[in-house]
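One structure below.
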Amino acid sequence: MKLSYILSGGTNPYENLALEEYLLWNAEKGECILYLWQNRHTVVIGINQNPWKEAHVKELERDNGFLARRMSGGGAVFHDLGNLNFTFLVREEDYDVGRQLGVIIRAVDKFGIQAEKSGRNDILADGKKFSGNAFFNSRKYCYHHGTLLLDVDMSNLSRYLNVSHAKLQSKGVDSVRSRVVNLKELAPGMNVGSLQDALIEAFGEVYGGRPQPFPSERLNRGEIRSYEEKYASWEWRLGRKLPFTAEYSRRFAWGDLTLQFCVKGGIIQDAMAYSDGMETNFIKSIGAALKDVIFSSSEIKARLSDLAKSEPVDAGMLTDIIRFAEENNF
């Protein structure tokens, strides 16, 4: 396999997400790209999350921070220069989450840190999380990206992130800070540069090849700038705020779900679904699917069942959402 790596030269989240998307659509057959990048003072939310619910947006903006939205699912995260982000970008046939996570685990092992995968998207050391991961797949192009908490200012996690009590309780802890750890606490000599070097080295060892720098001549600056404009836009980051007449929320094993409805004369005029779940396409399609539907659990159930035929979704997740509708007597 052809192994390529690229380091971001800046810390603006919109530029970094733009480069990530460009690399996604330009990964060649038989190539795996490792992209390493950092954002300064940024909250990044998942594709289907409600920014006002997940982050203290006004406080972040007042402190000259950035609010960014990525293409993948999952929950909100805080990035500063004590955090290093990684992305593996490949074609679908070469996508291997286990192998990709193996690169991260092997890299931190070089500093004497014994790490392990936990659930679908966390990596732990000493029982605490230092890496959260998220995933994207479209048109047979895939990426897997995540955070590496190196020396993050933990006070900002609770300052800018609004983590629900239900989510914390489901993980058996009582605060955000109690369940995460900085790698520097476990390996005091580690810094961003040495961690980048270890990741590139581990990348080659796990995949059995020699990683080469991504050629600059393969970068189309105009196309990257167009992606940057998208990520920086109000429409992408914040979108519309629905003037809802009804809202229902619940925490499931697969993530949070909030459904908002604007109902007039018993008909759903508009709807929005917010979630940190990984089934991004189904969640994203719920709002449009329920528009102009009678506001009743039976009609909503029928429409969601129809939606599942065109947007495949885990059967257990679909059952949870339908039961949720029935229990609330929509």
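Residue names in the structure tokens use chain letters A, B, ... in the order shown, residue numbers from 1 in each chain, and ligand numbers from 1 in the order shown.
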
> So which residues touch Ser131 (chain A) within 6 Å, counting only C-alpha atoms, skipping near sequence neighbours fewer than 2 positions away, as a PyMOL selection string?
Replying inline: chain A and resi 122-123+129+147-148

Prev. selection, C-alpha atoms, output as an mmCIF file, in the first residue's frame:
data_model
loop_
_atom_site.group_PDB
_atom_site.id
_atom_site.type_symbol
_atom_site.label_atom_id
_atom_site.label_comp_id
_atom_site.auth_asym_id
_atom_site.auth_seq_id
_atom_site.Cartn_x
_atom_site.Cartn_y
_atom_site.Cartn_z
ATOM 1 C CA ASP A 122 -12.578 5.983 22.443
ATOM 2 C CA ILE A 123 -8.980 5.098 23.328
ATOM 3 C CA LYS A 129 -9.918 8.736 27.707
ATOM 4 C CA THR A 147 -8.245 13.799 18.964
ATOM 5 C CA LEU A 148 -5.118 13.164 21.006
#

Could the residues of region 143-236 of chain A that have an atom at most 10 Å from region 53-66 of chain A be listed as a tab-separated table, each with its closest atom pair and the distance in Å to one decimal, counting only C-alpha atoms and ordered by chain and ascending residue number?
residue	atom	partner	partner_atom	distance
A:Asn156	CA	A:Leu60	CA	9.8
A:Leu157	CA	A:Ala55	CA	9.9
A:Ser158	CA	A:Ala55	CA	9.5
A:Arg159	CA	A:His56	CA	7.6
A:Tyr160	CA	A:His56	CA	5.1
A:Leu161	CA	A:Ala55	CA	4.6
A:Asn162	CA	A:Glu54	CA	5.0
A:Val163	CA	A:Glu54	CA	6.7
A:Ser164	CA	A:Glu54	CA	8.4
A:Ala232	CA	A:Phe66	CA	9.3

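Our summary of the geometry notes that CA of Gln260 (chain A) is positioned 28.3 Å from CA of Tyr14 (chain A).
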
>> When you count only C-alpha atoms, which of these residues is closest to Leu238 (chain A): A:Leu7, A:Ile294, A:Asn83, A:Gln49?
In response: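 That would be A:Gln49, the residue with the smallest distance to Leu238 (chain A).
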
>> For the helix (DSSP H, G or I) assignment from backbone DSSP, which residues of region 90-213 of chain A qualify? Please present them as a PyMOL selection string.
In response: chain A and resi 92-94+97-109+155-160+165-170+177-179+183-186+192-207

> Using only C-alpha atoms, which residues sit within 8 Å of region 21-32 of chain A once same-chain residues fewer than 3 positions away are excluded, as a list in words?
Replying inline: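 Once the nearby chain positions are removed, what remains is Met1, Lys2, Leu3, Ser4, Leu17, Ala18, Phe88, Leu89, Val90, Arg91, Asp94, Tyr141, Cys142, Tyr143, Glu223, Ile224 and Tyr227 of chain A.
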
Where does region 62-136 of chain A meet region 43-47 of chain A within 10 Å, residue by residue, with the nearest atom pair and distance in Å to one decimal for each, counting only C-alpha atoms, listed by chain and rising number, as CSV?
residue,atom,partner,partner_atom,distance
A:Gly65,CA,A:Val43,CA,7.9
A:Phe66,CA,A:Val43,CA,6.3
A:Leu67,CA,A:Val43,CA,5.1
A:Ala68,CA,A:Val44,CA,4.7
A:Arg69,CA,A:Ile45,CA,4.9
A:Arg70,CA,A:Gly46,CA,5.6
A:Met71,CA,A:Ile47,CA,5.2
A:Ser72,CA,A:Ile47,CA,5.6
A:Gly73,CA,A:Gly46,CA,4.7
A:Gly74,CA,A:Gly46,CA,5.3
A:Gly75,CA,A:Gly46,CA,5.5
A:Ala76,CA,A:Ile45,CA,4.2
A:Val77,CA,A:Val44,CA,5.4
A:Phe78,CA,A:Val43,CA,4.5
A:His79,CA,A:Val43,CA,6.2
A:Asp80,CA,A:Val43,CA,9.0
A:Ala134,CA,A:Gly46,CA,8.7

Keeping C-alpha atoms for every residue in the selection just given, could you write it to a file as a short mmCIF file (atom, residue, chain, number, x, y, z; two decimals), in the first residue's frame?
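Output below, filename again-v7.cif:
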data_model
loop_
_atom_site.label_atom_id
_atom_site.label_comp_id
_atom_site.auth_asym_id
_atom_site.auth_seq_id
_atom_site.Cartn_x
_atom_site.Cartn_y
_atom_site.Cartn_z
CA GLY A 65 -12.71 31.17 19.76
CA PHE A 66 -14.04 29.24 16.77
CA LEU A 67 -17.13 27.11 16.38
CA ALA A 68 -16.69 24.50 13.65
CA ARG A 69 -18.81 21.64 12.32
CA ARG A 70 -17.25 18.53 10.83
CA MET A 71 -18.72 16.05 8.32
CA SER A 72 -18.60 13.06 10.68
CA GLY A 73 -20.98 12.12 13.48
CA GLY A 74 -20.24 11.90 17.18
CA GLY A 75 -20.12 14.53 19.89
CA ALA A 76 -18.65 17.96 20.49
CA VAL A 77 -14.96 18.33 21.35
CA PHE A 78 -12.71 21.20 22.41
CA HIS A 79 -9.39 21.76 20.60
CA ASP A 80 -6.48 23.91 21.66
CA ALA A 134 -15.37 9.71 14.54
#

With the cut-off set at 12 Å and counting only C-alpha atoms, tabulate each residue of region 48-153 of chain A with an atom at most that distance from an atom of region 179-183 of chain A, showing the nearest atom pair and its distance in Å to one decimal, ordered by chain and increasing number, as a tab-separated table.
residue	atom	partner	partner_atom	distance
A:Val77	CA	A:Val180	CA	11.9
A:Gly82	CA	A:Asn182	CA	8.8
A:Asn83	CA	A:Asn182	CA	8.9
A:Leu84	CA	A:Leu183	CA	10.8
A:Ala107	CA	A:Leu183	CA	11.7
A:Val108	CA	A:Leu183	CA	8.4
A:Asp109	CA	A:Leu183	CA	11.2
A:Phe111	CA	A:Leu183	CA	9.5
A:Gly112	CA	A:Leu183	CA	10.6
A:Ile113	CA	A:Leu183	CA	8.3
A:Gln114	CA	A:Leu183	CA	11.0
A:Ala115	CA	A:Leu183	CA	10.6
A:Asp122	CA	A:Val180	CA	10.5
A:Ile123	CA	A:Val180	CA	10.2
A:Leu124	CA	A:Val180	CA	8.5
A:Ala125	CA	A:Val181	CA	8.0
A:Asp126	CA	A:Val181	CA	8.8
A:Gly127	CA	A:Arg179	CA	8.1
A:Lys128	CA	A:Val180	CA	5.0
A:Lys129	CA	A:Val180	CA	4.5
A:Phe130	CA	A:Val181	CA	5.4
A:Ser131	CA	A:Val180	CA	8.6
A:Gly132	CA	A:Val180	CA	10.0
A:Thr147	CA	A:Asn182	CA	11.2
A:Leu148	CA	A:Leu183	CA	7.9
A:Leu149	CA	A:Asn182	CA	5.1
A:Leu150	CA	A:Leu183	CA	4.7
A:Asp151	CA	A:Asn182	CA	5.4
A:Val152	CA	A:Asn182	CA	6.7
A:Asp153	CA	A:Asn182	CA	9.1

>> Excluding Val313 (chain A) and its own-chain neighbours fewer than 4 positions away, which residues fall within 7 Å of it when counting only C-alpha atoms? Please give them as a PyMOL selection string.
In response: chain A and resi 279+282+308+318

>> Between CA of Pro13 (chain A) and CA of Asn39 (chain A), what distance in Å does the model show, to one decimal?
In response: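 Value for the CA of Pro13 (chain A)-CA of Asn39 (chain A) distance: 5.2 Å.
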
> For Thr280 (chain A), which residue among A:Gly98, A:Gly255, A:Gly204, A:Gly209 is the nearest when counting only C-alpha atoms?
Replying inline: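 Counting only C-alpha atoms, the residue closest to Thr280 (chain A) is A:Gly255.
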